[in-house]
Structures are given as C-alpha cells and as structure tokens.
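Chemist: So that you have it, the file is final.cif, and it contains mmCIF, C-alpha atoms; chains and numbers go by the auth columns:
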```cif
data_target
loop_
_atom_site.group_PDB
_atom_site.id
_atom_site.type_symbol
_atom_site.label_atom_id
_atom_site.label_comp_id
_atom_site.label_asym_id
_atom_site.label_seq_id
_atom_site.Cartn_x
_atom_site.Cartn_y
_atom_site.Cartn_z
_atom_site.B_iso_or_equiv
_atom_site.auth_seq_id
_atom_site.auth_asym_id
ATOM 1 C CA MET A 1 104.265 94.895 101.737 0.00 1 A
ATOM 2 C CA PHE A 2 101.792 96.831 99.617 0.00 2 A
ATOM 3 C CA ALA A 3 103.631 100.159 99.636 0.00 3 A
ATOM 4 C CA GLN A 4 106.983 98.683 98.597 0.00 4 A
ATOM 5 C CA ARG A 5 105.412 96.676 95.759 0.00 5 A
ATOM 6 C CA TYR A 6 103.499 99.760 94.554 0.00 6 A
ATOM 7 C CA TYR A 7 106.720 101.779 94.754 0.00 7 A
ATOM 8 C CA ASP A 8 108.783 99.178 92.857 0.00 8 A
ATOM 9 C CA THR A 9 106.264 98.273 90.152 0.00 9 A
ATOM 10 C CA ILE A 10 104.477 101.575 89.520 0.00 10 A
ATOM 11 C CA LEU A 11 106.062 104.670 91.049 0.00 11 A
ATOM 12 C CA GLU A 12 109.738 104.156 90.329 0.00 12 A
ATOM 13 C CA PRO A 13 109.317 103.012 86.688 0.00 13 A
ATOM 14 C CA LEU A 14 106.895 105.860 85.997 0.00 14 A
ATOM 15 C CA LEU A 15 109.259 108.425 87.514 0.00 15 A
ATOM 16 C CA MET A 16 112.078 107.048 85.324 0.00 16 A
ATOM 17 C CA LYS A 17 109.831 107.473 82.291 0.00 17 A
ATOM 18 C CA TYR A 18 108.984 111.035 83.357 0.00 18 A
ATOM 19 C CA ARG A 19 112.678 111.864 83.757 0.00 19 A
ATOM 20 C CA SER A 20 113.263 110.818 80.160 0.00 20 A
ATOM 21 C CA THR A 21 110.287 112.874 78.915 0.00 21 A
ATOM 22 C CA PRO A 22 109.985 115.865 81.290 0.00 22 A
ATOM 23 C CA ASN A 23 107.794 117.817 78.850 0.00 23 A
ATOM 24 C CA ASP A 24 105.083 115.142 78.900 0.00 24 A
ATOM 25 C CA ASP A 25 102.455 117.088 80.816 0.00 25 A
ATOM 26 C CA ASP A 26 99.929 114.259 80.866 0.00 26 A
ATOM 27 C CA LEU A 27 102.525 111.961 82.413 0.00 27 A
ATOM 28 C CA ALA A 28 103.297 114.623 85.049 0.00 28 A
ATOM 29 C CA TYR A 29 99.625 114.770 86.055 0.00 29 A
ATOM 30 C CA ALA A 30 99.346 110.978 86.173 0.00 30 A
ATOM 31 C CA LEU A 31 102.517 110.684 88.218 0.00 31 A
ATOM 32 C CA ALA A 32 101.264 113.272 90.726 0.00 32 A
ATOM 33 C CA ALA A 33 98.037 111.317 91.228 0.00 33 A
ATOM 34 C CA LEU A 34 99.890 108.026 91.621 0.00 34 A
ATOM 35 C CA LEU A 35 102.472 109.469 94.003 0.00 35 A
ATOM 36 C CA GLU A 36 99.754 110.765 96.305 0.00 36 A
ATOM 37 C CA GLN A 37 97.976 107.404 96.162 0.00 37 A
ATOM 38 C CA VAL A 38 100.901 105.734 97.975 0.00 38 A
ATOM 39 C CA VAL A 39 99.458 107.095 101.228 0.00 39 A
ATOM 40 C CA ASP A 40 96.730 104.440 101.040 0.00 40 A
ATOM 41 C CA HIS A 41 99.297 101.690 100.538 0.00 41 A
ATOM 42 C CA ILE A 42 101.309 102.848 103.547 0.00 42 A
ATOM 43 C CA ARG A 43 98.079 102.881 105.600 0.00 43 A
ATOM 44 C CA ILE A 44 97.386 99.258 104.658 0.00 44 A
ATOM 45 C CA ASP A 45 100.910 98.263 105.681 0.00 45 A
ATOM 46 C CA THR A 46 101.034 100.182 108.954 0.00 46 A
ATOM 47 C CA GLY A 47 97.485 100.764 110.170 0.00 47 A
ATOM 48 C CA ARG A 48 98.321 104.461 110.630 0.00 48 A
ATOM 49 C CA SER A 49 95.746 107.094 109.778 0.00 49 A
ATOM 50 C CA LEU A 50 95.866 108.852 106.418 0.00 50 A
ATOM 51 C CA ASN A 51 96.322 112.186 108.209 0.00 51 A
ATOM 52 C CA ASP A 52 99.279 110.859 110.201 0.00 52 A
ATOM 53 C CA ILE A 53 100.966 109.589 107.038 0.00 53 A
ATOM 54 C CA ARG A 54 100.333 112.840 105.159 0.00 54 A
ATOM 55 C CA LYS A 55 101.724 114.865 108.087 0.00 55 A
ATOM 56 C CA SER A 56 104.820 112.690 108.128 0.00 56 A
ATOM 57 C CA LEU A 57 105.296 113.163 104.394 0.00 57 A
ATOM 58 C CA GLN A 58 104.777 116.903 104.766 0.00 58 A
ATOM 59 C CA ASN A 59 107.423 116.948 107.522 0.00 59 A
ATOM 60 C CA ARG A 60 109.786 115.299 105.049 0.00 60 A
ATOM 61 C CA TYR A 61 108.827 117.712 102.230 0.00 61 A
ATOM 62 C CA THR A 62 106.823 120.774 103.240 0.00 62 A
ATOM 63 C CA ASP A 63 105.249 121.203 99.786 0.00 63 A
ATOM 64 C CA PHE A 64 103.859 117.632 99.760 0.00 64 A
ATOM 65 C CA ILE A 65 100.435 119.152 100.446 0.00 65 A
ATOM 66 C CA TYR A 66 100.600 120.702 96.976 0.00 66 A
ATOM 67 C CA LEU A 67 101.144 117.288 95.421 0.00 67 A
ATOM 68 C CA ARG A 68 97.841 116.256 96.960 0.00 68 A
ATOM 69 C CA THR A 69 96.200 119.347 95.471 0.00 69 A
ATOM 70 C CA VAL A 70 97.456 118.438 91.998 0.00 70 A
ATOM 71 C CA ALA A 71 96.411 114.804 92.480 0.00 71 A
ATOM 72 C CA ILE A 72 92.911 115.751 93.578 0.00 72 A
ATOM 73 C CA SER A 73 92.482 118.143 90.674 0.00 73 A
ATOM 74 C CA THR A 74 93.727 115.480 88.267 0.00 74 A
ATOM 75 C CA LYS A 75 91.514 112.601 89.307 0.00 75 A
ATOM 76 C CA ASN A 76 88.314 114.275 90.552 0.00 76 A
ATOM 77 C CA VAL A 77 85.685 116.440 88.949 0.00 77 A
ATOM 78 C CA PHE A 78 83.776 118.831 91.183 0.00 78 A
ATOM 79 C CA THR A 79 80.464 120.364 90.307 0.00 79 A
ATOM 80 C CA ASP A 80 77.971 122.344 92.310 0.00 80 A
ATOM 81 C CA ASN A 81 74.885 120.860 90.676 0.00 81 A
ATOM 82 C CA ILE A 82 75.029 117.207 91.713 0.00 82 A
ATOM 83 C CA PRO A 83 71.631 116.288 93.196 0.00 83 A
ATOM 84 C CA GLY A 84 71.823 115.533 96.901 0.00 84 A
ATOM 85 C CA LEU A 85 75.117 117.307 97.484 0.00 85 A
ATOM 86 C CA ASN A 86 75.412 120.657 99.190 0.00 86 A
ATOM 87 C CA VAL A 87 77.224 123.371 97.327 0.00 87 A
ATOM 88 C CA GLN A 88 80.813 123.692 98.493 0.00 88 A
ATOM 89 C CA THR A 89 81.382 127.197 99.854 0.00 89 A
ATOM 90 C CA ARG A 90 85.154 127.207 99.384 0.00 90 A
ATOM 91 C CA ASP A 91 87.357 125.891 96.624 0.00 91 A
ATOM 92 C CA LEU A 92 88.119 122.205 96.922 0.00 92 A
ATOM 93 C CA VAL A 93 91.228 122.511 94.807 0.00 93 A
ATOM 94 C CA GLU A 94 93.596 125.397 95.322 0.00 94 A
ATOM 95 C CA LEU A 95 94.868 125.680 91.784 0.00 95 A
ATOM 96 C CA GLU A 96 94.790 128.725 89.589 0.00 96 A
ATOM 97 C CA VAL A 97 93.123 127.918 86.305 0.00 97 A
ATOM 98 C CA GLY A 98 95.253 129.073 83.431 0.00 98 A
ATOM 99 C CA PRO A 99 96.147 128.146 79.883 0.00 99 A
ATOM 100 C CA ARG A 100 98.449 125.262 79.191 0.00 100 A
ATOM 101 C CA THR A 101 100.986 125.862 76.511 0.00 101 A
ATOM 102 C CA ALA A 102 102.147 122.842 74.594 0.00 102 A
ATOM 103 C CA ILE A 103 105.347 123.204 72.614 0.00 103 A
ATOM 104 C CA GLN A 104 105.083 121.121 69.462 0.00 104 A
ATOM 105 C CA ALA A 105 107.936 119.068 68.002 0.00 105 A
ATOM 106 C CA ASP A 106 108.580 121.821 65.442 0.00 106 A
ATOM 107 C CA GLY A 107 108.938 124.425 68.219 0.00 107 A
ATOM 108 C CA SER A 108 105.575 126.068 67.574 0.00 108 A
ATOM 109 C CA VAL A 109 103.270 126.898 70.474 0.00 109 A
ATOM 110 C CA GLN A 110 99.687 125.715 70.776 0.00 110 A
ATOM 111 C CA GLN A 111 97.233 126.930 73.431 0.00 111 A
ATOM 112 C CA LYS A 112 94.887 124.312 74.866 0.00 112 A
ATOM 113 C CA ALA A 113 91.776 125.899 76.319 0.00 113 A
ATOM 114 C CA ASP A 114 90.658 122.787 78.203 0.00 114 A
ATOM 115 C CA SER A 115 93.644 122.514 80.503 0.00 115 A
ATOM 116 C CA GLN A 116 93.784 123.838 84.003 0.00 116 A
ATOM 117 C CA THR A 117 96.838 123.842 86.151 0.00 117 A
ATOM 118 C CA LEU A 118 99.968 123.637 84.081 0.00 118 A
ATOM 119 C CA ILE A 119 101.610 126.687 82.598 0.00 119 A
ATOM 120 C CA VAL A 120 104.829 127.008 80.697 0.00 120 A
ATOM 121 C CA THR A 121 107.237 129.829 81.435 0.00 121 A
ATOM 122 C CA GLY A 122 109.845 129.481 78.737 0.00 122 A
ATOM 123 C CA GLN A 123 110.881 125.843 78.925 0.00 123 A
ATOM 124 C CA ARG A 124 110.234 125.530 82.684 0.00 124 A
ATOM 125 C CA ARG A 125 106.922 124.000 83.578 0.00 125 A
ATOM 126 C CA MET A 126 105.293 125.273 86.778 0.00 126 A
ATOM 127 C CA PHE A 127 102.296 124.390 88.859 0.00 127 A
ATOM 128 C CA ARG A 128 100.640 127.640 89.985 0.00 128 A
ATOM 129 C CA PHE A 129 98.306 127.453 92.946 0.00 129 A
ATOM 130 C CA LYS A 130 95.513 129.777 94.023 0.00 130 A
ATOM 131 C CA ASP A 131 97.448 130.831 97.102 0.00 131 A
ATOM 132 C CA GLY A 132 100.098 132.310 94.790 0.00 132 A
ATOM 133 C CA LYS A 133 102.618 129.519 95.289 0.00 133 A
ATOM 134 C CA GLU A 134 104.457 128.350 92.192 0.00 134 A
ATOM 135 C CA ILE A 135 106.425 125.107 92.149 0.00 135 A
ATOM 136 C CA PRO A 136 108.355 123.732 89.178 0.00 136 A
ATOM 137 C CA VAL A 137 106.624 120.521 88.101 0.00 137 A
ATOM 138 C CA ALA A 138 109.817 118.441 88.172 0.00 138 A
ATOM 139 C CA ASP A 139 110.683 119.723 91.672 0.00 139 A
ATOM 140 C CA LEU A 140 107.262 118.835 93.095 0.00 140 A
ATOM 141 C CA LEU A 141 107.389 115.335 91.621 0.00 141 A
ATOM 142 C CA GLU A 142 111.034 114.617 92.521 0.00 142 A
ATOM 143 C CA GLU A 143 110.872 115.966 96.073 0.00 143 A
ATOM 144 C CA SER A 144 107.578 114.173 96.747 0.00 144 A
ATOM 145 C CA PHE A 145 109.115 110.956 95.444 0.00 145 A
ATOM 146 C CA ARG A 146 112.105 111.466 97.754 0.00 146 A
ATOM 147 C CA ALA A 147 109.785 111.993 100.758 0.00 147 A
ATOM 148 C CA ILE A 148 107.820 108.860 99.825 0.00 148 A
ATOM 149 C CA THR A 149 111.049 106.876 99.505 0.00 149 A
ATOM 150 C CA ASP A 150 112.118 107.980 102.981 0.00 150 A
ATOM 151 C CA GLU A 151 108.675 107.204 104.418 0.00 151 A
ATOM 152 C CA ILE A 152 108.549 103.709 102.924 0.00 152 A
ATOM 153 C CA ASN A 153 112.102 103.014 104.081 0.00 153 A
ATOM 154 C CA SER A 154 111.184 104.072 107.629 0.00 154 A
ATOM 155 C CA VAL A 155 108.186 101.703 107.554 0.00 155 A
ATOM 156 C CA GLU A 156 110.373 98.812 106.394 0.00 156 A
ATOM 157 C CA GLN A 157 112.767 99.198 109.340 0.00 157 A
#
```
Would you write out, as structure tokens, the structure that this file holds?

Modeler:
Amino acid sequence: MFAQRYYDTILEPLLMKYRSTPNDDDLAYALAALLEQVVDHIRIDTGRSLNDIRKSLQNRYTDFIYLRTVAISTKNVFTDNIPGLNVQTRDLVELEVGPRTAIQADGSVQQKADSQTLIVTGQRRMFRFKDGKEIPVADLLEESFRAITDEINSVEQ
C-alpha cells in the first residue's frame, strides 16, 4: 500500500533524524510538509476524500489542522500579482510572520530576516499562528505523526 510504504521509507526515518537533531529548523519544516502529504497516499489506498481523511486525522489530533498550515506555508508561495488570478481577500496561511532565531554552535544568536514562522523562546521552538495559537514544534510533529500512525494502522485492518 502506498501510505505504508511512504510511512516506512520516508516519514519514520525522517522523524528519527529530527529526533536526533531537534534544533534543525529546516528539517522541521520539511518534515511538516511531508507529514501532511501522507493524506494523498491514504486517499490512493482507500478512495476516501481528502477532507474525510483530514477530518479523521483531526479527530485523532485536534491540532492536525495546524500541521497543514505549516506544510502549506512551507511548500507554497502566494502572491497577489499573478496574472489571471484573483486577489485573495483573506490570508491563505494563518501564520504570524516573525523573526527566526538561529542559535549557532558557539551559542551566539543570529537573526534571519527571511524566515517566517519559527520563533525561538529560550531553547523551545514554537510555531506561532495568526489566530494566537502557539504549539511547540516537536509537539506538533510528534502528535501529528502519532495520528498518522493510527490512521494508517486503521486502514491496514
């Protein structure tokens, strides 16, 4: 099955790598995008709608919707000046834009002006969303992974 192969060959090894390097912000973004992508693989296996699968995952982990927000902001660029497209009247991505602090190997702090969603509060990395919700990065990734594991296991049975 597509979802199980994707889980075994991509998601699980990448989560193991993230666990060993939890301060790798780029890996956290990539993992969020790849975790959300599993919905398509489950759809191929089951024929269920994407909305049905996302609702099921959100029932397993209520903040799963925020994983999708991070994934969308990671892999898509939105602009209001693309010819032929109407201007979006509401935000497509509900993330608060803020500085990303990278702690260097020597303990010094470097601000990166080009980053968007990740902030550091002490040593705890948080995703902050426009609705005011804050979720520790590791919690969002781990709990989403757990919900995906449960969903794939329920499909296999």

Chemist: Here's the selection I'm unsure about, the PyMOL selection byres ((chain A and resi 60-77) around 6); applied to the file above, which residues does it give, as a PDB file with C-alpha atoms, in the coordinates of the input?

Modeler:
```
ATOM      1  CA  ALA A  32     101.264 113.272  90.726  1.00  0.00           C
ATOM      2  CA  ALA A  33      98.037 111.317  91.228  1.00  0.00           C
ATOM      3  CA  GLU A  36      99.754 110.765  96.305  1.00  0.00           C
ATOM      4  CA  LEU A  57     105.296 113.163 104.394  1.00  0.00           C
ATOM      5  CA  GLN A  58     104.777 116.903 104.766  1.00  0.00           C
ATOM      6  CA  ASN A  59     107.423 116.948 107.522  1.00  0.00           C
ATOM      7  CA  PHE A  78      83.776 118.831  91.183  1.00  0.00           C
ATOM      8  CA  VAL A  93      91.228 122.511  94.807  1.00  0.00           C
ATOM      9  CA  SER A 144     107.578 114.173  96.747  1.00  0.00           C
ATOM     10  CA  ALA A 147     109.785 111.993 100.758  1.00  0.00           C
TER      11      ALA A 147
END
```

Chemist: Could you name the residues that touch A:Leu14 at 10 Å or less, counting only C-alpha atoms, but leaving out those on the same chain fewer than 6 positions away, as a short mmCIF file (atom, residue, chain, number, x, y, z; two decimals) with C-alpha atoms, in the frame of the given file?

Modeler:
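The resulting around.cif:
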```cif
data_model
loop_
_atom_site.label_atom_id
_atom_site.label_comp_id
_atom_site.auth_asym_id
_atom_site.auth_seq_id
_atom_site.Cartn_x
_atom_site.Cartn_y
_atom_site.Cartn_z
CA TYR A 7 106.72 101.78 94.75
CA ASP A 8 108.78 99.18 92.86
CA SER A 20 113.26 110.82 80.16
CA LEU A 27 102.52 111.96 82.41
CA ALA A 28 103.30 114.62 85.05
CA ALA A 30 99.35 110.98 86.17
CA LEU A 31 102.52 110.68 88.22
CA LEU A 34 99.89 108.03 91.62
CA LEU A 35 102.47 109.47 94.00
#
```

Chemist: Work out how far apart atom CA of A:Phe2 and atom CA of A:Leu141 are and give it in Å to one decimal.

Modeler: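 Between these atoms lies a distance of 20.9 Å.
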
Chemist: What does the structure give for the distance between atom CA of A:Leu140 and atom CA of A:Asp25, in Å to one decimal?

Modeler: 13.3 Å

Chemist: Go ahead and compute the interatomic distance for atom CA of A:Lys55 and atom CA of A:Ile148, in Å to one decimal.

Modeler: 11.9 Å

Chemist: Using all atoms listed in the file, which of A:Ser154, A:Thr9, A:Asn23, A:Ser56 sits nearest A:Val137?

Modeler: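 Closest to A:Val137 of all the choices is A:Asn23.
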
Chemist: Compare A:Thr149, A:Lys130, A:Arg125, A:Asp26 by their minimum atom-to-atom distance to A:Ala3, counting all atoms listed in the file, and give me the closest one.

Modeler: A:Thr149

Chemist: Considering only C-alpha atoms, can you say which of A:Val39, A:Asp150, A:Leu15, A:Phe127 comes closest to A:Asn51?

Modeler: A:Val39

Chemist: Identify which of the residues A:Leu50, A:Ala138, A:Ile42, A:Met126 lies closest to A:Thr21, counting only C-alpha atoms when measuring atom-to-atom distances.

Modeler: A:Ala138

Chemist: Could you give me stretch 39-52 of chain A completed to N, CA and C atoms, formatted as a PDB file, in the coordinates of the input?

Modeler:
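Output contents, as saved in part-v7.pdb:
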```
ATOM      1  N   VAL A  39      99.894 106.930  99.842  1.00  0.00           N
ATOM      2  CA  VAL A  39      99.458 107.095 101.228  1.00  0.00           C
ATOM      3  C   VAL A  39      98.530 105.947 101.631  1.00  0.00           C
ATOM      4  N   ASP A  40      97.638 105.553 100.741  1.00  0.00           N
ATOM      5  CA  ASP A  40      96.730 104.440 101.040  1.00  0.00           C
ATOM      6  C   ASP A  40      97.489 103.129 101.228  1.00  0.00           C
ATOM      7  N   HIS A  41      98.509 102.922 100.432  1.00  0.00           N
ATOM      8  CA  HIS A  41      99.297 101.690 100.538  1.00  0.00           C
ATOM      9  C   HIS A  41     100.079 101.647 101.852  1.00  0.00           C
ATOM     10  N   ILE A  42     100.608 102.790 102.258  1.00  0.00           N
ATOM     11  CA  ILE A  42     101.309 102.848 103.547  1.00  0.00           C
ATOM     12  C   ILE A  42     100.328 102.584 104.685  1.00  0.00           C
ATOM     13  N   ARG A  43      99.103 103.112 104.569  1.00  0.00           N
ATOM     14  CA  ARG A  43      98.079 102.881 105.600  1.00  0.00           C
ATOM     15  C   ARG A  43      97.783 101.392 105.740  1.00  0.00           C
ATOM     16  N   ILE A  44      97.659 100.697 104.616  1.00  0.00           N
ATOM     17  CA  ILE A  44      97.386  99.258 104.658  1.00  0.00           C
ATOM     18  C   ILE A  44      98.518  98.525 105.367  1.00  0.00           C
ATOM     19  N   ASP A  45      99.746  98.931 105.080  1.00  0.00           N
ATOM     20  CA  ASP A  45     100.910  98.263 105.681  1.00  0.00           C
ATOM     21  C   ASP A  45     101.061  98.550 107.169  1.00  0.00           C
ATOM     22  N   THR A  46     100.706  99.758 107.585  1.00  0.00           N
ATOM     23  CA  THR A  46     101.034 100.182 108.954  1.00  0.00           C
ATOM     24  C   THR A  46      99.840 100.323 109.884  1.00  0.00           C
ATOM     25  N   GLY A  47      98.650 100.505 109.333  1.00  0.00           N
ATOM     26  CA  GLY A  47      97.485 100.764 110.170  1.00  0.00           C
ATOM     27  C   GLY A  47      97.395 102.204 110.648  1.00  0.00           C
ATOM     28  N   ARG A  48      98.339 103.051 110.244  1.00  0.00           N
ATOM     29  CA  ARG A  48      98.321 104.461 110.630  1.00  0.00           C
ATOM     30  C   ARG A  48      97.198 105.182 109.892  1.00  0.00           C
ATOM     31  N   SER A  49      96.791 106.304 110.426  1.00  0.00           N
ATOM     32  CA  SER A  49      95.746 107.094 109.778  1.00  0.00           C
ATOM     33  C   SER A  49      96.322 107.804 108.555  1.00  0.00           C
ATOM     34  N   LEU A  50      95.440 108.113 107.607  1.00  0.00           N
ATOM     35  CA  LEU A  50      95.866 108.852 106.418  1.00  0.00           C
ATOM     36  C   LEU A  50      96.446 110.206 106.795  1.00  0.00           C
ATOM     37  N   ASN A  51      95.821 110.881 107.770  1.00  0.00           N
ATOM     38  CA  ASN A  51      96.322 112.186 108.209  1.00  0.00           C
ATOM     39  C   ASN A  51      97.719 112.082 108.806  1.00  0.00           C
ATOM     40  N   ASP A  52      97.964 111.057 109.604  1.00  0.00           N
ATOM     41  CA  ASP A  52      99.279 110.859 110.201  1.00  0.00           C
ATOM     42  C   ASP A  52     100.336 110.654 109.112  1.00  0.00           C
TER      43      ASP A  52
END
```
